[in-house]
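Contents: one structure, followed by commentary.
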Amino acid sequence: VQLQASGGGLVQAGGSLRLSCVASGRTFRSYDMGWFRQAPGKERSYVAHIARTGGGSQYYSNSVKGRFTISRDNARNTVYLQMNSLQPEDTAVYYCAARTGVRTITSAMQTDTAYDTWGQGTLVTVSS
């Protein structure tokens, strides 16, 4: 499995961006998909994830809840991250990730060790 993220760029505070992550392979619908981010000088942190089953249940970090929306299109092998009301503190490299193995508990999906496949990252810069 390979993941290709895109959609990053420069945006003013209050603006929006939509990130996309396309996965190779024919079993995308069986993957849990997540987004993480790494701000300059900080560790990588959880943003959101969407489950492989259960209607694609979505989960978010408190810092983005209400502003970001994760979604998936299994026909296109793609997971999206719609980011609204962006703030300078959202500036980071955003990574998509997949858990292709057996399912784990929801809380564990907020840790990067739960994922076995990572994309290359896309830079989001929010100016004030």
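In the structure tokens, chains take the letters A, B, ... in the order shown, each chain's residues start at 1, and ligands count up from 1 in the order shown.
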
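For stretch 117-128 of chain A, the set of protein, DNA and RNA residues having any atom at most 6 Å away, when counting only C-alpha atoms and skipping those fewer than 2 positions along the same chain, is Leu3, Gln4, Ser6, Gly8, Gly9, Leu10, Val11, Gln12, Ala13, Pro88, Thr91, Ala92, Val93, Tyr94, Tyr95, Cys96, Ala97, Ala98 and Tyr115 of chain A.
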
With all heavy atoms retained, could you export that selection as a compact mmCIF listing (two decimals), in the first residue's frame?
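Written out: out-v8.txt:
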```
# COMPACT_ATOMS: atom_id res chain seq x y z
N LEU A 3 0.54 5.65 -0.02
CA LEU A 3 -0.34 6.78 0.20
C LEU A 3 0.28 8.04 -0.38
O LEU A 3 1.48 8.29 -0.19
CB LEU A 3 -0.60 6.99 1.70
CG LEU A 3 -1.16 5.81 2.47
CD1 LEU A 3 -1.27 6.15 3.96
CD2 LEU A 3 -2.51 5.40 1.92
N GLN A 4 -0.52 8.82 -1.07
CA GLN A 4 -0.06 10.05 -1.69
C GLN A 4 -0.96 11.19 -1.24
O GLN A 4 -2.12 11.26 -1.63
CB GLN A 4 -0.09 9.93 -3.21
CG GLN A 4 0.40 11.16 -3.95
CD GLN A 4 1.90 11.38 -3.81
OE1 GLN A 4 2.68 10.44 -3.89
NE2 GLN A 4 2.29 12.61 -3.58
N SER A 6 -1.94 15.29 -0.84
CA SER A 6 -1.84 16.54 -1.60
C SER A 6 -2.84 17.54 -1.05
O SER A 6 -3.70 17.19 -0.22
CB SER A 6 -2.11 16.28 -3.09
OG SER A 6 -3.42 15.79 -3.27
N GLY A 8 -2.01 20.72 0.27
CA GLY A 8 -1.48 21.73 1.16
C GLY A 8 -1.19 23.02 0.43
O GLY A 8 -1.22 23.09 -0.80
N GLY A 9 -0.90 24.07 1.20
CA GLY A 9 -0.58 25.35 0.60
C GLY A 9 -0.59 26.44 1.63
O GLY A 9 -0.61 26.18 2.83
N LEU A 10 -0.56 27.67 1.12
CA LEU A 10 -0.57 28.85 1.98
C LEU A 10 -1.97 29.45 1.98
O LEU A 10 -2.55 29.67 0.92
CB LEU A 10 0.45 29.86 1.46
CG LEU A 10 0.48 31.23 2.15
CD1 LEU A 10 0.91 31.08 3.61
CD2 LEU A 10 1.43 32.17 1.40
N VAL A 11 -2.48 29.73 3.17
CA VAL A 11 -3.82 30.29 3.29
C VAL A 11 -3.82 31.30 4.44
O VAL A 11 -3.03 31.16 5.39
CB VAL A 11 -4.86 29.17 3.53
CG1 VAL A 11 -4.60 28.45 4.83
CG2 VAL A 11 -6.27 29.70 3.45
N GLN A 12 -4.67 32.30 4.34
CA GLN A 12 -4.79 33.27 5.42
C GLN A 12 -5.65 32.71 6.55
O GLN A 12 -6.49 31.82 6.33
CB GLN A 12 -5.41 34.56 4.90
CG GLN A 12 -4.49 35.36 4.00
CD GLN A 12 -5.07 36.71 3.64
OE1 GLN A 12 -6.29 36.89 3.59
NE2 GLN A 12 -4.20 37.69 3.39
N ALA A 13 -5.44 33.23 7.72
CA ALA A 13 -6.25 32.83 8.87
C ALA A 13 -7.73 33.02 8.56
O ALA A 13 -8.12 34.03 7.97
CB ALA A 13 -5.86 33.63 10.10
N PRO A 88 -3.23 30.21 12.54
CA PRO A 88 -1.77 30.04 12.42
C PRO A 88 -1.25 28.80 13.17
O PRO A 88 -0.29 28.18 12.70
CB PRO A 88 -1.22 31.33 13.03
CG PRO A 88 -2.28 32.35 12.73
CD PRO A 88 -3.57 31.61 12.88
N THR A 91 -0.62 25.52 11.29
CA THR A 91 0.52 25.38 10.40
C THR A 91 1.32 24.14 10.76
O THR A 91 1.75 23.98 11.91
CB THR A 91 1.42 26.63 10.47
OG1 THR A 91 0.70 27.76 9.96
CG2 THR A 91 2.69 26.44 9.67
N ALA A 92 1.51 23.27 9.78
CA ALA A 92 2.20 22.01 10.03
C ALA A 92 2.32 21.24 8.71
O ALA A 92 1.69 21.59 7.72
CB ALA A 92 1.43 21.16 11.03
N VAL A 93 3.14 20.21 8.77
CA VAL A 93 3.10 19.20 7.71
C VAL A 93 2.05 18.18 8.10
O VAL A 93 2.09 17.65 9.22
CB VAL A 93 4.48 18.52 7.53
CG1 VAL A 93 4.39 17.42 6.48
CG2 VAL A 93 5.53 19.55 7.14
N TYR A 94 1.13 17.93 7.19
CA TYR A 94 0.04 17.00 7.46
C TYR A 94 0.32 15.67 6.77
O TYR A 94 0.66 15.63 5.58
CB TYR A 94 -1.28 17.58 6.96
CG TYR A 94 -1.83 18.65 7.89
CD1 TYR A 94 -1.21 19.90 7.97
CD2 TYR A 94 -2.92 18.41 8.71
CE1 TYR A 94 -1.68 20.88 8.83
CE2 TYR A 94 -3.41 19.38 9.57
CZ TYR A 94 -2.78 20.61 9.63
OH TYR A 94 -3.25 21.58 10.50
N TYR A 95 0.16 14.61 7.53
CA TYR A 95 0.41 13.26 7.04
C TYR A 95 -0.86 12.43 7.08
O TYR A 95 -1.59 12.46 8.08
CB TYR A 95 1.46 12.56 7.90
CG TYR A 95 2.82 13.21 7.92
CD1 TYR A 95 3.13 14.18 8.86
CD2 TYR A 95 3.78 12.84 6.99
CE1 TYR A 95 4.38 14.79 8.87
CE2 TYR A 95 5.04 13.43 7.00
CZ TYR A 95 5.33 14.40 7.95
OH TYR A 95 6.56 14.99 7.95
N CYS A 96 -1.10 11.68 6.02
CA CYS A 96 -2.16 10.69 6.09
C CYS A 96 -1.53 9.34 6.43
O CYS A 96 -0.35 9.10 6.14
CB CYS A 96 -2.96 10.62 4.80
SG CYS A 96 -2.03 10.11 3.35
N ALA A 97 -2.31 8.50 7.04
CA ALA A 97 -1.81 7.20 7.49
C ALA A 97 -2.93 6.18 7.39
O ALA A 97 -4.11 6.52 7.46
CB ALA A 97 -1.32 7.30 8.92
N ALA A 98 -2.52 4.94 7.25
CA ALA A 98 -3.47 3.83 7.14
C ALA A 98 -3.12 2.74 8.13
O ALA A 98 -1.94 2.44 8.36
CB ALA A 98 -3.47 3.27 5.72
N TYR A 115 -0.74 2.90 13.20
CA TYR A 115 -0.78 2.93 11.74
C TYR A 115 0.47 2.27 11.16
O TYR A 115 1.56 2.43 11.70
CB TYR A 115 -0.90 4.37 11.25
CG TYR A 115 -2.15 5.04 11.76
CD1 TYR A 115 -2.20 5.60 13.03
CD2 TYR A 115 -3.29 5.10 10.97
CE1 TYR A 115 -3.36 6.20 13.51
CE2 TYR A 115 -4.46 5.70 11.44
CZ TYR A 115 -4.48 6.25 12.72
OH TYR A 115 -5.63 6.83 13.19
```

Residue contacts of stretch 61-74 of chain A (8 Å, only C-alpha atoms) excluding same-chain residues fewer than 2 positions away, as a PDB file with C-alpha atoms, in the first residue's frame:
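Listing of result-v8.pdb after writing:
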```
ATOM      1  CA  PHE A  28      -8.937   0.602   0.657  1.00  0.00           C
ATOM      2  CA  ARG A  29     -12.358   0.119   2.213  1.00  0.00           C
ATOM      3  CA  TYR A  46      -3.158  13.219  15.962  1.00  0.00           C
ATOM      4  CA  VAL A  47      -5.737  15.191  13.995  1.00  0.00           C
ATOM      5  CA  ALA A  48      -8.535  12.831  13.000  1.00  0.00           C
ATOM      6  CA  HIS A  49      -9.370   9.360  11.830  1.00  0.00           C
ATOM      7  CA  ILE A  50     -12.165   7.568  10.055  1.00  0.00           C
ATOM      8  CA  GLY A  56     -17.026   5.321   8.526  1.00  0.00           C
ATOM      9  CA  GLN A  58     -15.180   9.899  12.431  1.00  0.00           C
ATOM     10  CA  TYR A  59     -13.080  11.016  15.368  1.00  0.00           C
ATOM     11  CA  ARG A  76     -11.778   6.621  -5.329  1.00  0.00           C
ATOM     12  CA  ASN A  77      -9.480   5.115  -2.690  1.00  0.00           C
ATOM     13  CA  THR A  78      -9.290   8.567  -1.159  1.00  0.00           C
ATOM     14  CA  VAL A  79      -9.550  10.107   2.279  1.00  0.00           C
ATOM     15  CA  TYR A  80     -10.108  13.838   2.664  1.00  0.00           C
ATOM     16  CA  LEU A  81      -9.532  16.390   5.375  1.00  0.00           C
ATOM     17  CA  GLN A  82     -11.630  19.511   4.957  1.00  0.00           C
ATOM     18  CA  MET A  83     -10.102  22.247   7.089  1.00  0.00           C
ATOM     19  CA  ASN A  84     -12.120  25.369   7.821  1.00  0.00           C
ATOM     20  CA  SER A  85     -11.473  28.392  10.024  1.00  0.00           C
ATOM     21  CA  LEU A  86      -7.761  27.754   9.810  1.00  0.00           C
TER      22      LEU A  86
END
```

Just to confirm, what's the straight-line distance from atom CA of A:Gly7 to atom CA of A:Thr106 in Å (one decimal)?
26.7 Å

DSSP strand (DSSP E) residues within stretch 49-98 of chain A, listed as a ChimeraX atom specification:
/A:49-50,58-60,68-73,78-83,92-98

Just N, CA, C and O atoms for this one: save the residues we selected as a short mmCIF file (atom, residue, chain, number, x, y, z; two decimals), in the first residue's frame.
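Contents of part.cif, freshly written:
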```
data_model
loop_
_atom_site.label_atom_id
_atom_site.label_comp_id
_atom_site.auth_asym_id
_atom_site.auth_seq_id
_atom_site.Cartn_x
_atom_site.Cartn_y
_atom_site.Cartn_z
N HIS A 49 -9.39 10.61 12.55
CA HIS A 49 -9.37 9.36 11.83
C HIS A 49 -10.79 8.93 11.50
O HIS A 49 -11.76 9.42 12.10
N ILE A 50 -10.88 8.06 10.51
CA ILE A 50 -12.17 7.57 10.06
C ILE A 50 -12.08 6.06 9.97
O ILE A 50 -11.11 5.50 9.43
N GLN A 58 -16.26 8.92 12.42
CA GLN A 58 -15.18 9.90 12.43
C GLN A 58 -14.85 10.34 13.85
O GLN A 58 -15.73 10.46 14.69
N TYR A 59 -13.57 10.61 14.06
CA TYR A 59 -13.08 11.02 15.37
C TYR A 59 -12.08 12.15 15.17
O TYR A 59 -11.35 12.16 14.18
N TYR A 60 -12.05 13.06 16.15
CA TYR A 60 -11.22 14.25 16.01
C TYR A 60 -10.49 14.58 17.30
O TYR A 60 -10.98 14.29 18.39
N PHE A 68 -12.59 20.93 11.38
CA PHE A 68 -12.10 19.99 10.36
C PHE A 68 -13.11 18.86 10.20
O PHE A 68 -13.79 18.46 11.16
N THR A 69 -13.17 18.32 8.98
CA THR A 69 -14.02 17.18 8.70
C THR A 69 -13.24 16.15 7.90
O THR A 69 -12.68 16.48 6.84
N ILE A 70 -13.20 14.93 8.41
CA ILE A 70 -12.57 13.84 7.68
C ILE A 70 -13.65 13.03 6.98
O ILE A 70 -14.74 12.81 7.53
N SER A 71 -13.36 12.61 5.76
CA SER A 71 -14.31 11.81 5.01
C SER A 71 -13.53 10.87 4.09
O SER A 71 -12.32 11.04 3.91
N ARG A 72 -14.24 9.91 3.53
CA ARG A 72 -13.58 8.96 2.64
C ARG A 72 -14.49 8.64 1.46
O ARG A 72 -15.72 8.65 1.59
N ASP A 73 -13.86 8.35 0.34
CA ASP A 73 -14.56 7.90 -0.85
C ASP A 73 -13.91 6.58 -1.24
O ASP A 73 -12.83 6.56 -1.85
N THR A 78 -9.76 7.26 -1.62
CA THR A 78 -9.29 8.57 -1.16
C THR A 78 -9.91 8.94 0.19
O THR A 78 -11.10 8.70 0.41
N VAL A 79 -9.08 9.51 1.04
CA VAL A 79 -9.55 10.11 2.28
C VAL A 79 -9.27 11.60 2.20
O VAL A 79 -8.25 12.03 1.65
N TYR A 80 -10.20 12.38 2.72
CA TYR A 80 -10.11 13.84 2.66
C TYR A 80 -10.05 14.42 4.06
O TYR A 80 -10.55 13.84 5.02
N LEU A 81 -9.48 15.61 4.15
CA LEU A 81 -9.53 16.39 5.37
C LEU A 81 -9.91 17.81 4.97
O LEU A 81 -9.09 18.54 4.42
N GLN A 82 -11.16 18.16 5.21
CA GLN A 82 -11.63 19.51 4.96
C GLN A 82 -11.32 20.36 6.18
O GLN A 82 -11.76 20.04 7.29
N MET A 83 -10.55 21.42 5.98
CA MET A 83 -10.10 22.25 7.09
C MET A 83 -10.67 23.65 6.92
O MET A 83 -10.35 24.34 5.94
N ALA A 92 1.51 23.27 9.78
CA ALA A 92 2.20 22.01 10.03
C ALA A 92 2.32 21.24 8.71
O ALA A 92 1.69 21.59 7.72
N VAL A 93 3.14 20.21 8.77
CA VAL A 93 3.10 19.20 7.71
C VAL A 93 2.05 18.18 8.10
O VAL A 93 2.09 17.65 9.22
N TYR A 94 1.13 17.93 7.19
CA TYR A 94 0.04 17.00 7.46
C TYR A 94 0.32 15.67 6.77
O TYR A 94 0.66 15.63 5.58
N TYR A 95 0.16 14.61 7.53
CA TYR A 95 0.41 13.26 7.04
C TYR A 95 -0.86 12.43 7.08
O TYR A 95 -1.59 12.46 8.08
N CYS A 96 -1.10 11.68 6.02
CA CYS A 96 -2.16 10.69 6.09
C CYS A 96 -1.53 9.34 6.43
O CYS A 96 -0.35 9.10 6.14
N ALA A 97 -2.31 8.50 7.04
CA ALA A 97 -1.81 7.20 7.49
C ALA A 97 -2.93 6.18 7.39
O ALA A 97 -4.11 6.52 7.46
N ALA A 98 -2.52 4.94 7.25
CA ALA A 98 -3.47 3.83 7.14
C ALA A 98 -3.12 2.74 8.13
O ALA A 98 -1.94 2.44 8.36
#
```

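A straight line drawn from atom CA of A:Gly101 to atom CA of A:Asp116 is 7.9 Å long.
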
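A straight line drawn from atom CA of A:Ser16 to atom CA of A:Ala108 is 28.6 Å long.
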